[in-house]
Every structure is written in C-alpha cells, then in structure tokens.
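Engineer: Take this structure first; my questions come after.
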Amino acid sequence: EAQVTQNPRYLITVTGKKLTVTCSQNMNHEYMSWYRQDPGLGLRQIYYSMNVEVTDKGDVPEGYKVSRKEKRNFPLILESPSPNQTSLYFCASSAGRASGNTIYFGEGSWLTVV
Amino acid sequence: AQSVAQPEDQVNVAEGNPLTVKCTYSVSGNPYLFWYVQYPNRGLQFLLKYITGDNLVKGSYGFEAEFNKSQTSFHLKKPSALVSDSALYFCAVRALNRDDKIIFGKGTRLHILP
C-alpha cells in the first residue's frame, strides 16, 4: 500500500530539548516536503526536497532543519524547540517535478512544546 | 507570485442539498489545481485535480470541480451533500517553475446539517 509514514504521531516535549520527527515514503518519490498546520493559517511549507541531498527552504523554515540522505526518508529536526513550534506537522511526497503529480500526505504529527 | 484564496472559512449545507466550496487562484503560466479533504485527526486525502483538458473534473466520493480560466476559479461541488462530507477542505495550486512550489489555501470547514 502506498504510504507516507510519520513518527511520532503525538509528542509533548519541553523547550530546548532536541527532537526529530521521522518521515518515510514507500512510493520511490523524488519530491518530499514538510508542512505545519495552524488554525486560520492553513498549511505552510517548512522545507522541501527535490531529491536526495537536495533541500530548500519553504515559507517558514526558521527553527527547523531537514536532511535527505536517502530517497525514502525526510526527517524534520527541531534543534531547540520553542512553544511557537507547537503545531500539527505533515510530511508529504510526490513523484518527480511534473506539477500534475498528486501529493500524498502522512497522517500528521501533533507536537506540543511546553 | 502564486496564491490561493478560499474566501469562506465555513460553509453550512443541509443534507441532500448541493454544496459548493469556493477557490480562486493566481499563478503565472498554466495552473495545476488540487482539492484535498481532511477528516478529524487525519492527514489530507486527495480528492481531485485539474491538469489540462475538460474543465469539469470528477473525483472521489462524488465530488467534482469546475476549472474556470477567465474567473481564475476552481470551485468544488457535489450535487447532494452527505453528513459524512463534513470535513476541512483545502484547495492547492502548483506551477512548474524553479522550485515546483505547492501553495495551499487556508481551508474551508464544511458542515453538513442532518
């Protein structure tokens, strides 16, 4: 089954404690991306990756890091989380650069920073 | 710059009535337009997309959308609403450019009243 898998689904952490949200897709997609969803703001792109070892900033990259060492994985790293990073996070992937390709989403990761 | 607008935060429709969720876009070049649905505590699920061709696009769960180039709109429609259609709906636009960026609207919450 085609899937984008994120872990953890739910996490409460404290300010400053580094955390990583993993994302893995089994569709051999080149394109992967991270979004955060906040009430009234919709989905905002954090980082994206066109392929292995190629990453770029989205609209709200501050406070986040990513890496793309393998095609299937695209972890999101919060080096020093702060309360304003409390949000619902989604990983997504799609095939290639062809803009008509459907984007597939993970189930989301609820992150609370206290 | 690309942008997507969903002018209604919430739409209420009686069960059995037709529904419309509005979306307008701005993009240079040909637009690739998508609708996604998000049920509570779930990720975004693909409903339908417009790439080229027929302006009326049919998708999952009986939904359809009409691409109108002159009005730069891509409204989501369904002839007869079901209570189970109650969810958050996102319109998205993607254009083939350097970063192949995908822009989402802020979402419209659809309430189907029994």
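Residues are referred to by chain and number: the chain letter is A, B, ... according to the order shown in the structure tokens, the number counts from 1 in that chain, and ligands are numbered separately from 1 in the order shown.
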I'd like the neighbourhood of Lys65 (chain A) as a PDB file with N, CA and C atoms, in the first residue's frame, where a residue qualifies if any of its atoms comes within 10 Å (using only C-alpha atoms), though same-chain residues fewer than 4 positions away should be ignored.

Structural biologist:
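Output below, filename around33.pdb:
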```pdb
ATOM      1  N   THR A  20      13.320  14.917  16.786  1.00  0.00           N
ATOM      2  CA  THR A  20      13.249  14.598  15.359  1.00  0.00           C
ATOM      3  C   THR A  20      11.925  13.920  15.065  1.00  0.00           C
ATOM      4  N   ILE A  46       7.464  24.200   5.288  1.00  0.00           N
ATOM      5  CA  ILE A  46       8.644  24.453   6.110  1.00  0.00           C
ATOM      6  C   ILE A  46       9.912  24.254   5.273  1.00  0.00           C
ATOM      7  N   TYR A  47      10.085  23.061   4.754  1.00  0.00           N
ATOM      8  CA  TYR A  47      11.192  22.705   3.888  1.00  0.00           C
ATOM      9  C   TYR A  47      10.668  21.723   2.838  1.00  0.00           C
ATOM     10  N   THR A  55      17.831  19.968  -0.706  1.00  0.00           N
ATOM     11  CA  THR A  55      16.768  20.506   0.141  1.00  0.00           C
ATOM     12  C   THR A  55      16.708  22.016  -0.021  1.00  0.00           C
ATOM     13  N   LYS A  57      14.466  25.792   1.470  1.00  0.00           N
ATOM     14  CA  LYS A  57      13.564  26.385   2.439  1.00  0.00           C
ATOM     15  C   LYS A  57      12.199  26.637   1.832  1.00  0.00           C
ATOM     16  N   PRO A  61      10.884  28.341   7.473  1.00  0.00           N
ATOM     17  CA  PRO A  61      11.945  27.405   7.828  1.00  0.00           C
ATOM     18  C   PRO A  61      12.626  27.651   9.170  1.00  0.00           C
ATOM     19  N   PRO A  75      13.578  13.360   7.458  1.00  0.00           N
ATOM     20  CA  PRO A  75      13.282  13.738   8.835  1.00  0.00           C
ATOM     21  C   PRO A  75      13.271  15.243   9.047  1.00  0.00           C
ATOM     22  N   LEU A  76      12.438  15.671   9.972  1.00  0.00           N
ATOM     23  CA  LEU A  76      12.346  17.079  10.376  1.00  0.00           C
ATOM     24  C   LEU A  76      12.958  17.194  11.768  1.00  0.00           C
ATOM     25  N   ILE A  77      13.909  18.102  11.905  1.00  0.00           N
ATOM     26  CA  ILE A  77      14.663  18.235  13.148  1.00  0.00           C
ATOM     27  C   ILE A  77      14.381  19.593  13.763  1.00  0.00           C
ATOM     28  N   LEU A  78      14.017  19.569  15.043  1.00  0.00           N
ATOM     29  CA  LEU A  78      13.872  20.794  15.813  1.00  0.00           C
ATOM     30  C   LEU A  78      15.013  20.800  16.818  1.00  0.00           C
ATOM     31  N   GLU A  79      16.038  21.600  16.558  1.00  0.00           N
ATOM     32  CA  GLU A  79      17.247  21.588  17.385  1.00  0.00           C
ATOM     33  C   GLU A  79      16.962  22.104  18.794  1.00  0.00           C
TER      34      GLU A  79
END
```

Engineer: Could you tell me which residues of chain B sit within 9 Å of chain A when counting only C-alpha atoms, and give me the result as a list in words?

Structural biologist: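 Interface list for chain B against chain A: Asp9, Pro31, Tyr32, Leu33, Phe34, Asn41, Arg42, Gly43, Leu44, Gln45, Phe46, Leu48, Lys49, Tyr50, Ile51, Phe90, Arg94, Ala95, Leu96, Asn97, Asp99, Asp100, Lys101, Ile102, Ile103, Phe104, Gly105, Lys106 and Gly107 of chain B.
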
Engineer: Just to be explicit: take each residue in the selection above, keep N, CA, C and O atoms, and write the result as a CSV table (one decimal), in the first residue's frame.

Structural biologist:
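This is the output file again25.csv:
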```
chain,number,residue,atom,x,y,z
B,9,ASP,N,-14.5,30.7,5.4
B,9,ASP,CA,-13.9,29.9,6.5
B,9,ASP,C,-14.8,28.7,6.7
B,9,ASP,O,-14.3,27.6,7.1
B,31,PRO,N,-2.0,26.6,-14.6
B,31,PRO,CA,-2.2,26.2,-13.2
B,31,PRO,C,-2.4,24.7,-13.2
B,31,PRO,O,-3.1,24.1,-14.0
B,32,TYR,N,-1.9,24.0,-12.1
B,32,TYR,CA,-2.3,22.7,-11.8
B,32,TYR,C,-3.0,22.8,-10.4
B,32,TYR,O,-2.4,23.2,-9.5
B,33,LEU,N,-4.3,22.4,-10.4
B,33,LEU,CA,-5.1,22.7,-9.2
B,33,LEU,C,-5.6,21.4,-8.6
B,33,LEU,O,-5.9,20.4,-9.3
B,34,PHE,N,-5.7,21.4,-7.3
B,34,PHE,CA,-6.0,20.2,-6.5
B,34,PHE,C,-7.0,20.6,-5.4
B,34,PHE,O,-7.0,21.7,-4.9
B,41,ASN,N,-8.3,14.5,12.9
B,41,ASN,CA,-7.2,13.7,13.3
B,41,ASN,C,-6.6,12.8,12.2
B,41,ASN,O,-6.1,11.8,12.5
B,42,ARG,N,-6.8,13.3,11.0
B,42,ARG,CA,-6.3,12.5,9.9
B,42,ARG,C,-5.4,13.4,9.0
B,42,ARG,O,-5.5,14.7,9.1
B,43,GLY,N,-4.7,12.8,8.1
B,43,GLY,CA,-3.9,13.6,7.1
B,43,GLY,C,-4.8,14.1,6.0
B,43,GLY,O,-6.0,13.8,6.0
B,44,LEU,N,-4.2,14.8,5.0
B,44,LEU,CA,-5.0,15.2,3.9
B,44,LEU,C,-5.1,14.1,2.9
B,44,LEU,O,-4.2,13.4,2.5
B,45,GLN,N,-6.4,14.0,2.4
B,45,GLN,CA,-6.6,13.0,1.3
B,45,GLN,C,-6.9,13.7,0.0
B,45,GLN,O,-7.7,14.6,0.0
B,46,PHE,N,-6.4,13.1,-1.0
B,46,PHE,CA,-6.6,13.7,-2.4
B,46,PHE,C,-8.0,13.4,-2.8
B,46,PHE,O,-8.5,12.3,-2.7
B,48,LEU,N,-9.3,15.4,-6.0
B,48,LEU,CA,-9.3,15.5,-7.5
B,48,LEU,C,-8.3,16.6,-7.9
B,48,LEU,O,-7.8,17.3,-7.1
B,49,LYS,N,-8.0,16.6,-9.2
B,49,LYS,CA,-7.1,17.6,-9.7
B,49,LYS,C,-7.4,18.0,-11.1
B,49,LYS,O,-8.0,17.2,-11.9
B,50,TYR,N,-7.0,19.2,-11.5
B,50,TYR,CA,-7.1,19.6,-12.8
B,50,TYR,C,-5.7,19.9,-13.4
B,50,TYR,O,-4.9,20.6,-12.8
B,51,ILE,N,-5.4,19.2,-14.5
B,51,ILE,CA,-4.1,19.4,-15.2
B,51,ILE,C,-4.3,20.1,-16.5
B,51,ILE,O,-3.8,21.1,-16.8
B,90,PHE,N,-9.2,21.7,1.5
B,90,PHE,CA,-8.1,22.6,1.0
B,90,PHE,C,-8.0,22.6,-0.5
B,90,PHE,O,-8.0,21.5,-1.1
B,94,ARG,N,-0.3,24.4,-8.0
B,94,ARG,CA,1.1,24.1,-8.2
B,94,ARG,C,1.5,24.5,-9.6
B,94,ARG,O,0.7,24.4,-10.6
B,95,ALA,N,2.6,25.2,-9.8
B,95,ALA,CA,3.1,25.6,-11.1
B,95,ALA,C,4.5,25.1,-11.4
B,95,ALA,O,5.3,25.0,-10.4
B,96,LEU,N,4.7,24.8,-12.6
B,96,LEU,CA,6.0,24.4,-13.0
B,96,LEU,C,7.0,25.5,-13.0
B,96,LEU,O,6.9,26.3,-13.9
B,97,ASN,N,7.8,25.7,-12.0
B,97,ASN,CA,8.8,26.7,-12.0
B,97,ASN,C,10.0,26.1,-11.3
B,97,ASN,O,10.1,24.9,-11.1
B,99,ASP,N,11.1,26.1,-8.3
B,99,ASP,CA,11.0,25.3,-7.1
B,99,ASP,C,9.8,24.4,-7.0
B,99,ASP,O,9.6,23.7,-6.0
B,100,ASP,N,9.0,24.4,-8.1
B,100,ASP,CA,7.8,23.5,-8.2
B,100,ASP,C,7.0,23.6,-6.9
B,100,ASP,O,6.5,22.6,-6.4
B,101,LYS,N,6.7,24.8,-6.5
B,101,LYS,CA,6.1,25.1,-5.2
B,101,LYS,C,4.6,24.7,-5.2
B,101,LYS,O,3.9,24.9,-6.2
B,102,ILE,N,4.1,24.2,-4.1
B,102,ILE,CA,2.7,23.9,-3.9
B,102,ILE,C,2.2,24.8,-2.9
B,102,ILE,O,2.7,24.9,-1.8
B,103,ILE,N,1.1,25.6,-3.3
B,103,ILE,CA,0.6,26.6,-2.3
B,103,ILE,C,-0.8,26.1,-2.0
B,103,ILE,O,-1.7,25.8,-2.8
B,104,PHE,N,-1.1,26.1,-0.7
B,104,PHE,CA,-2.4,25.7,-0.2
B,104,PHE,C,-3.2,26.9,0.3
B,104,PHE,O,-2.7,27.8,0.8
B,105,GLY,N,-4.5,26.8,0.1
B,105,GLY,CA,-5.4,27.8,0.7
B,105,GLY,C,-5.5,27.5,2.2
B,105,GLY,O,-5.0,26.6,2.7
B,106,LYS,N,-6.2,28.4,2.9
B,106,LYS,CA,-6.3,28.3,4.4
B,106,LYS,C,-7.4,27.3,4.8
B,106,LYS,O,-7.5,27.0,6.0
B,107,GLY,N,-8.1,26.8,3.9
B,107,GLY,CA,-9.1,25.7,4.2
B,107,GLY,C,-10.5,26.3,4.5
B,107,GLY,O,-10.6,27.4,4.9
```

Engineer: Leaving out Ala1 (chain B) and any residue of its chain fewer than 4 positions from it, which residues lie within 9 Å of it when counting only C-alpha atoms, given as JSON, numbers by chain?

Structural biologist: {"B": [26, 27, 28]}

Engineer: Take the selection from the previous step and output its residues with C-alpha atoms, as an mmCIF file, in the first residue's frame.

Structural biologist:
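File again-v9.cif, as written:
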```cif
data_model
loop_
_atom_site.group_PDB
_atom_site.id
_atom_site.type_symbol
_atom_site.label_atom_id
_atom_site.label_comp_id
_atom_site.auth_asym_id
_atom_site.auth_seq_id
_atom_site.Cartn_x
_atom_site.Cartn_y
_atom_site.Cartn_z
ATOM 1 C CA SER B 26 -3.300 33.333 -9.012
ATOM 2 C CA VAL B 27 -0.400 31.791 -10.882
ATOM 3 C CA SER B 28 1.777 32.690 -13.829
#
```

Engineer: Restricting the calculation to only C-alpha atoms, which member of A:Ser82, A:Ser87, A:Asn73, A:Gln3 is positioned closest to Lys17 (chain A)?

Structural biologist: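 Checking each of A:Ser82, A:Ser87, A:Asn73, A:Gln3 against Lys17 (chain A), counting only C-alpha atoms, the winner is A:Ser82.
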
Engineer: Which one is closest to Ser80 (chain A): A:Val21, A:Val113, A:Ala2, A:Val60? Count only C-alpha atoms.

Structural biologist: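 That would be A:Val113, the residue with the smallest distance to Ser80 (chain A).
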
Engineer: For Leu88 (chain B), find every residue with an atom within 10 Å (counting only C-alpha atoms), except residues of its own chain fewer than 3 positions away, and show them as a list of chain:residue names.

Structural biologist: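 So, after excluding close chain neighbours, the residues are B:Asp9, B:Gln10, B:Tyr36, B:Val37, B:Gln38, B:Tyr39, B:Pro40, B:Leu44, B:Asp85, B:Lys106, B:Gly107, B:Thr108, B:Arg109, B:Leu110, B:His111.
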
Engineer: Restricted to N, CA, C and O atoms, what would the selected residues look like written as a PDB file, in the first residue's frame?

Structural biologist:
```pdb
ATOM      1  N   ASP B   9     -14.476  30.729   5.444  1.00  0.00           N
ATOM      2  CA  ASP B   9     -13.879  29.874   6.485  1.00  0.00           C
ATOM      3  C   ASP B   9     -14.752  28.658   6.749  1.00  0.00           C
ATOM      4  O   ASP B   9     -14.260  27.586   7.092  1.00  0.00           O
ATOM      5  N   GLN B  10     -16.075  28.853   6.623  1.00  0.00           N
ATOM      6  CA  GLN B  10     -17.013  27.787   6.940  1.00  0.00           C
ATOM      7  C   GLN B  10     -18.198  27.857   5.983  1.00  0.00           C
ATOM      8  O   GLN B  10     -18.641  28.951   5.609  1.00  0.00           O
ATOM      9  N   TYR B  36      -8.099  18.800  -1.634  1.00  0.00           N
ATOM     10  CA  TYR B  36      -7.830  17.782  -0.625  1.00  0.00           C
ATOM     11  C   TYR B  36      -8.870  17.915   0.481  1.00  0.00           C
ATOM     12  O   TYR B  36      -9.390  19.004   0.736  1.00  0.00           O
ATOM     13  N   VAL B  37      -9.132  16.809   1.171  1.00  0.00           N
ATOM     14  CA  VAL B  37     -10.053  16.805   2.300  1.00  0.00           C
ATOM     15  C   VAL B  37      -9.321  16.279   3.527  1.00  0.00           C
ATOM     16  O   VAL B  37      -8.480  15.375   3.422  1.00  0.00           O
ATOM     17  N   GLN B  38      -9.630  16.889   4.665  1.00  0.00           N
ATOM     18  CA  GLN B  38      -9.028  16.445   5.921  1.00  0.00           C
ATOM     19  C   GLN B  38     -10.140  16.140   6.920  1.00  0.00           C
ATOM     20  O   GLN B  38     -10.888  17.027   7.323  1.00  0.00           O
ATOM     21  N   TYR B  39     -10.214  14.883   7.325  1.00  0.00           N
ATOM     22  CA  TYR B  39     -11.131  14.484   8.382  1.00  0.00           C
ATOM     23  C   TYR B  39     -10.433  14.638   9.725  1.00  0.00           C
ATOM     24  O   TYR B  39      -9.199  14.653   9.788  1.00  0.00           O
ATOM     25  N   PRO B  40     -11.184  14.734  10.824  1.00  0.00           N
ATOM     26  CA  PRO B  40     -10.581  14.958  12.147  1.00  0.00           C
ATOM     27  C   PRO B  40      -9.485  13.954  12.460  1.00  0.00           C
ATOM     28  O   PRO B  40      -9.644  12.747  12.250  1.00  0.00           O
ATOM     29  N   LEU B  44      -4.237  14.771   5.024  1.00  0.00           N
ATOM     30  CA  LEU B  44      -5.007  15.249   3.886  1.00  0.00           C
ATOM     31  C   LEU B  44      -5.139  14.131   2.854  1.00  0.00           C
ATOM     32  O   LEU B  44      -4.167  13.448   2.521  1.00  0.00           O
ATOM     33  N   ASP B  85     -19.728  14.129   4.613  1.00  0.00           N
ATOM     34  CA  ASP B  85     -18.870  15.066   3.864  1.00  0.00           C
ATOM     35  C   ASP B  85     -18.327  16.170   4.773  1.00  0.00           C
ATOM     36  O   ASP B  85     -17.473  16.953   4.351  1.00  0.00           O
ATOM     37  N   LYS B 106      -6.246  28.404   2.896  1.00  0.00           N
ATOM     38  CA  LYS B 106      -6.328  28.296   4.351  1.00  0.00           C
ATOM     39  C   LYS B 106      -7.362  27.286   4.815  1.00  0.00           C
ATOM     40  O   LYS B 106      -7.463  27.000   6.004  1.00  0.00           O
ATOM     41  N   GLY B 107      -8.109  26.758   3.888  1.00  0.00           N
ATOM     42  CA  GLY B 107      -9.076  25.723   4.228  1.00  0.00           C
ATOM     43  C   GLY B 107     -10.466  26.277   4.461  1.00  0.00           C
ATOM     44  O   GLY B 107     -10.644  27.408   4.923  1.00  0.00           O
ATOM     45  N   THR B 108     -11.453  25.457   4.129  1.00  0.00           N
ATOM     46  CA  THR B 108     -12.866  25.775   4.373  1.00  0.00           C
ATOM     47  C   THR B 108     -13.477  24.608   5.123  1.00  0.00           C
ATOM     48  O   THR B 108     -13.389  23.459   4.666  1.00  0.00           O
ATOM     49  N   ARG B 109     -14.086  24.924   6.255  1.00  0.00           N
ATOM     50  CA  ARG B 109     -14.735  23.854   7.029  1.00  0.00           C
ATOM     51  C   ARG B 109     -16.164  23.704   6.534  1.00  0.00           C
ATOM     52  O   ARG B 109     -16.950  24.657   6.549  1.00  0.00           O
ATOM     53  N   LEU B 110     -16.478  22.516   6.110  1.00  0.00           N
ATOM     54  CA  LEU B 110     -17.808  22.216   5.585  1.00  0.00           C
ATOM     55  C   LEU B 110     -18.607  21.482   6.642  1.00  0.00           C
ATOM     56  O   LEU B 110     -18.161  20.446   7.154  1.00  0.00           O
ATOM     57  N   HIS B 111     -19.770  22.042   6.986  1.00  0.00           N
ATOM     58  CA  HIS B 111     -20.694  21.396   7.930  1.00  0.00           C
ATOM     59  C   HIS B 111     -21.937  20.981   7.170  1.00  0.00           C
ATOM     60  O   HIS B 111     -22.622  21.832   6.582  1.00  0.00           O
TER      61      HIS B 111
END
```

Engineer: So which residues touch Ala14 (chain B) within 9 Å, counting only C-alpha atoms, skipping near sequence neighbours fewer than 5 positions away, as a list in words?

Structural biologist: Leu19, Ala81, Leu82, Val83, His111, Ile112, Leu113 and Pro114 of chain B

Engineer: One number please: CA of Cys23 (chain B) to CA of Tyr35 (chain A), in Å, one decimal.

Structural biologist: 20.3 Å
